[in-house]
Protein chains: 2
Amino acid sequence: MFFKTISVKEFYNLFLEFEPIKETMDIHVFDGLDMVIAEQCIAKEDFPPFVRACMDGYAVIAKDTFGASESNPVYLKVVGSIDIDKVPGFEINSQECARIVTGAPLPKGADAVAMIEYTEEISEDEIELRCTLSPGDNLILQGEDYKKGDVLLDKGTIVRPQEIGILMEFGITRVKMYRPVKVGIISTGNEIVSPSTDPLPLGKIRDVNSYTLGAMIKKHRFHPIIYDIVPDQKKSLIRSISKALKECDVVLISGGSSIGIKDLTEEAITSFKDSHILCHGVGISPGKPTILARIGNTPVIGLPGQVTSAQVVMHILILPFLRYLSNNKSYMSRYYFPYINAYLTHNVPSKRGREEYIRINICYEKDKILAKPIFSKSGLIKSLVKAQGFLKIPASSEGVLKGTQVEVLLI
Amino acid sequence: MFFKTISVKEFYNLFLEFEPIKETMDIHVFDGLDMVIAEQCIAKEDFPPFVRACMDGYAVIAKDTFGASESNPVYLKVVGSIDIDKVPGFEINSQECARIVTGAPLPKGADAVAMIEYTEEISEDEIELRCTLSPGDNLILQGEDYKKGDVLLDKGTIVRPQEIGILMEFGITRVKMYRPVKVGIISTGNEIVSPSTDPLPLGKIRDVNSYTLGAMIKKHRFHPIIYDIVPDQKKSLIRSISKALKECDVVLISGGSSIGIKDLTEEAITSFKDSHILCHGVGISPGKPTILARIGNTPVIGLPGQVTSAQVVMHILILPFLRYLSNNKSYMSRYYFPYINAYLTHNVPSKRGREEYIRINICYEKDKILAKPIFSKSGLIKSLVKAQGFLKIPASSEGVLKGTQVEVLLI
């Protein structure tokens with residue numbers, strides 16, 4: 001069967017062929033870091049729940065300070081001190097004030113806080129004040145952060161530390177979240193043996209891909225399930241895919257990169273009824289022979305066998321897809337492609353017509369950040385360990401010149 | 001006691017006053033993601049363990065192809081096919097070749113692989129070859145990735161997915177790693193109550209800091225231990241610090257931001273014998289009232305009570321310190337401060353003499369990435385939730401003009 005190579009953007013559009021997962025779990029917010037919220041969270045009260053000082057100083061009536069300045073201070077009577085955690089029992093009347101600390105509730109009558117820096121204690125119960133205040137100065141109003149009924153967090157929000165903070169602020173300690181996406185990984189290859197194999201039989205090599213891909217999945221808080229290594233036989237591969245389909249939301253097949261084996265993955269997928277190949281070939285280098293298919297409603301992905309290629313495909317194509325399947329509404333956000341700017345140390349030529357990703361070693365020369373391209377055969381894992389990032393060369397470009405400032409995508 | 005405000009760089013230099021943790025644990029490499037390696041890992045064999053093809057095609061003797069081209073092909077006899085996982089039993093003699101797939105071992109006699117694209121099968125046992133090869137072409141040599149005895153990973157390396165891959169490649173499934181740094185968090189404040197408190201008594205607010213800071217610690221794979229909320233009393237704070245000193249590698253005290261309470265933290269620390277305040281005040285905004293102290297050999301840190309300030313201090317000062325204590329040899333790497341470039345939508349003024357961090361909301365206008373500064377009172381948590389990053393304004397700058405391209409540090 002013949003497939004046209006699709007662009008990275010077209011690959012992203014294929015996400016919509018699949019339904020994000022629906023299962024949710026009710027969990028403690030502090031255990032929900034990096035998970036996705038499955039229900040709208042609403043403020044059930046105002047925050048702050050009362051008018052609070054946001055500076056240390058004196059609670060005053062602003063009107064009493066009108067015209068006050070360094071050269072023309074006003075004098076106020078100190079009628080008390082306000083405890084941080086108690087609504088004050090007394091009231092402030094004209095020409096009066098009360099000591100207050102940041103966070104404490106404002107007493108009745110007062111409408112501003114004078115910062116301590118502009119005041120001086122004249123006696124036990126009198127201060128000199130050297131600034132003019134407007135009502136509301138140095139206060140946080142009741143409900144200024146959120147009002148009762150406000151949406152705190154929407155369905156589809158990913159939970160960062162600050163989202164945990166806001167939920168705690170409102171006493172929302174348990175929330176419905178989507179359970180993590182389960183990603184099955186099947187490595188194929190007659191030559192592949194388990195990492196614990198020692199000594200290595202002649203002609204064999206140990207399984208690197210399952211664990212490298214598995215760790216990438218884990219790092220982004222999805223749930224990897226690593227299956228037994230499958231020999232290059234259609235029947236075995238079909239059996240393994242069947243098992244994974246029952247247990248996972250997505251199945252990754254990390255195949256050998258030889259022509260015969262690429263066919264094997266496609267043949268195994270299409271031998272399932274209700275299967276459909278959505279793409280075989282993406283305009284990305286390395287990573288072209290990527291397959292995206294569905295069996296029933298489950299996405300099945302064929303990855304290139306070289307771990308260096310598979311890593312690029314994971315970062316650029318698959319992690320965004322897993323974010324989509326997780327219900328993360330920001331799944332395509334640039335937030336997930338952080339970089340640092342650096343100066344390229346060598347010319348990097350590229351072919352037009354495909355996005356190319358060059359492994360980059362970041363180094364420093366005085367205060368200058370340098371991006372050193374790693375040119376090596378794609379089968380060598382040393383280049384992965386030496387790399388801190390990728391340089392992306394767009395499909396429309398023929399390369400980047402030495403000395404150019406580039407964005408190095410961190411990996 | 002009077003302390004001079006120190007610069008961020010001076011704060012980093014204080015790290016060296018402390019010893020990184022020494023305890024290690026022997027763990028399965030796949031469970032060691034984001035941990036730090038505590039022993040040098042050495043290749044106990046060559047990788048690849050044999051000469052491998054890195055293309056699909058034919059194993060040949062390069063000399064037989066000299067002069068071959070599109071217009072002047074050579075003809076070779078096909079003497080067999082090479083299984084990917086078996087060292088071939090036969091030898092290639094002059095004018096002979098054998099089918100080979102990517103990753104398969106090269107047969108004896110051959111010294112190059114001809115890519116399938118440059119060949120054509122003339123008959124069952126003869127090919128036409130249309131390119132000239134040099135010895136070594138399309139091969140990965142034995143030990144080309146790593147030679148027996150090479151250092152794979154050094155002590156102090158942080159484990160990313162690719163480091164897991166390389167260890168698996170060499171059958172190193174268990175490695176000695178430093179155990180995660182244990183970080184105690186003590187929140188103080190008479191007004192602070194547990195997030196599960198419902199309804200909220202008048203004058204009280206729920207504990208946001210312990211969980212926001214705890215989640216930041218967790219996100220970076222350190223181990224947070226959250227202690228009970230402590231009222232603003234020296235005796236209670238001392239008791240809580242004593243407990244945390246026994247159980248943690250670092251103690252964070254998230255205090256109220258009022259003047260009286262700042263003193264309390266310092267007083268509680270100095271009341272321990274063998275305590276020493278290393279700094280009280282860092283030239284960073286927000287975050288100035290940060291305290292770094294030692295009690296015995298344990299670092300004790302006083303954080304500003306506003307969660308927005310504490311977040312800046314954590315990102316810029318404390319997470320690098322925790323990386324240092326973890327034995328991560330790249331603890332100051334720019335790798336940990338990823339950003340995206342964006343255009344500032346508003347003028348941002350700043351005071352000289354301190355590094356300032358402005359919360360930024362990232363938004364998009366067509367293909368342009370915009371950095372929208374969030375101007376809000378520092379006590380409002382909404383600004384944290386709306387922010388995706390910080391804009392850093394160096395101590396030497398008086399601000400940044402609207403329209404400038406800036407690096408937004410992602411948080």
# chains A, B, ... in the order shown; residues from 1 in each chain; ligands from 1
>>> select_by_dssp(residues="range 150-248 of chain B", states="alpha helix (DSSP H)", output="ChimeraX atom specification")
/B:161-169,209-219,234-247
>>> interface_residues(of="chain A", to="chain B", cutoff="7 Å", atoms="only C-alpha atoms", output="PyMOL selection string")
chain A and resi 30+33+56+84-87+101-102+105+145+161-166+168-169+171+173+190-191+195-198+202-204+206-209+211-212+215-216+257-258+338-340+380-382+384-385
>>> residues_around(residues="Glu356 in chain B", least_positions_apart="2", cutoff="7 Å", atoms="only C-alpha atoms", output="ChimeraX atom specification")
/B:284-286,354,358,392-394
>>> residues_around(residues="range 124-131 of chain A", least_positions_apart="3", cutoff="6 Å", atoms="only C-alpha atoms", output="ChimeraX atom specification")
/A:68-70,73-78,118-121
>>> select_by_dssp(residues="range 90-197 of chain A", states="strand (DSSP E or B)", output="MDAnalysis selection string")
chainID A and resid 91 96:100 105 108 112:115 119:123 126:129 139:140 146 151:153 158 174:178 182:188 192:193
>>> residues_around(residues="Leu14 in chain A", least_positions_apart="3", cutoff="9 Å", atoms="only C-alpha atoms", output="VMD selection string")
chain A and resid 9 to 11 17 to 18 278 to 279 292
>>> residues_around(residues="Ile374 in chain A", least_positions_apart="4", cutoff="7 Å", atoms="only C-alpha atoms", output="number ranges by chain")
A: 359-361, 383
>>> atom_distance(atom1="CA of Val400 in chain A", atom2="CA of Glu355 in chain A")
12.8 Å
>>> residues_around(residues="Met332 in chain B", least_positions_apart="4", cutoff="10 Å", atoms="only C-alpha atoms", output="MDAnalysis selection string")
chainID B and resid 12 319:321 323:324 328 336:337
>>> write_last_selection(atoms="N, CA and C atoms", output="compact mmCIF listing (two decimals), in the first residue's frame")
# COMPACT_ATOMS: atom_id res chain seq x y z
N TYR B 12 24.33 32.04 45.66
CA TYR B 12 24.78 30.77 45.06
C TYR B 12 26.11 30.32 45.65
N LEU B 319 15.66 25.89 44.41
CA LEU B 319 15.78 24.68 43.58
C LEU B 319 17.24 24.45 43.15
N PRO B 320 18.00 25.48 42.74
CA PRO B 320 19.42 25.23 42.45
C PRO B 320 20.17 24.69 43.68
N PHE B 321 19.80 25.18 44.85
CA PHE B 321 20.45 24.71 46.09
C PHE B 321 20.11 23.22 46.32
N ARG B 323 19.40 21.07 44.06
CA ARG B 323 20.18 20.32 43.07
C ARG B 323 21.61 20.14 43.54
N TYR B 324 22.15 21.20 44.13
CA TYR B 324 23.52 21.12 44.67
C TYR B 324 23.59 20.05 45.77
N ASN B 328 24.01 16.75 42.11
CA ASN B 328 23.90 16.98 40.67
C ASN B 328 25.02 17.93 40.25
N TYR B 336 18.35 24.16 33.43
CA TYR B 336 17.26 24.19 34.40
C TYR B 336 16.47 25.49 34.37
N PHE B 337 16.85 26.39 33.47
CA PHE B 337 16.10 27.65 33.35
C PHE B 337 15.62 27.81 31.92
>>> closest_residue(among="B:Thr345, B:Ser94, B:Ser242, B:Ser350", to="Phe272 in chain B", atoms="only C-alpha atoms")
B:Ser242
>>> atom_distance(atom1="CA of Leu16 in chain B", atom2="CA of His220 in chain B")
21.0 Å
>>> atom_distance(atom1="CA of Leu264 in chain B", atom2="CA of Gly281 in chain B")
15.1 Å
>>> closest_residue(among="A:Lys22, A:Lys155, A:Lys108, A:Lys148", to="Ala38 in chain A", atoms="only C-alpha atoms")
A:Lys155
>>> closest_residue(among="A:Ala395, A:Ile116, A:Leu317, A:Val60", to="Ala98 in chain A", atoms="only C-alpha atoms")
A:Val60
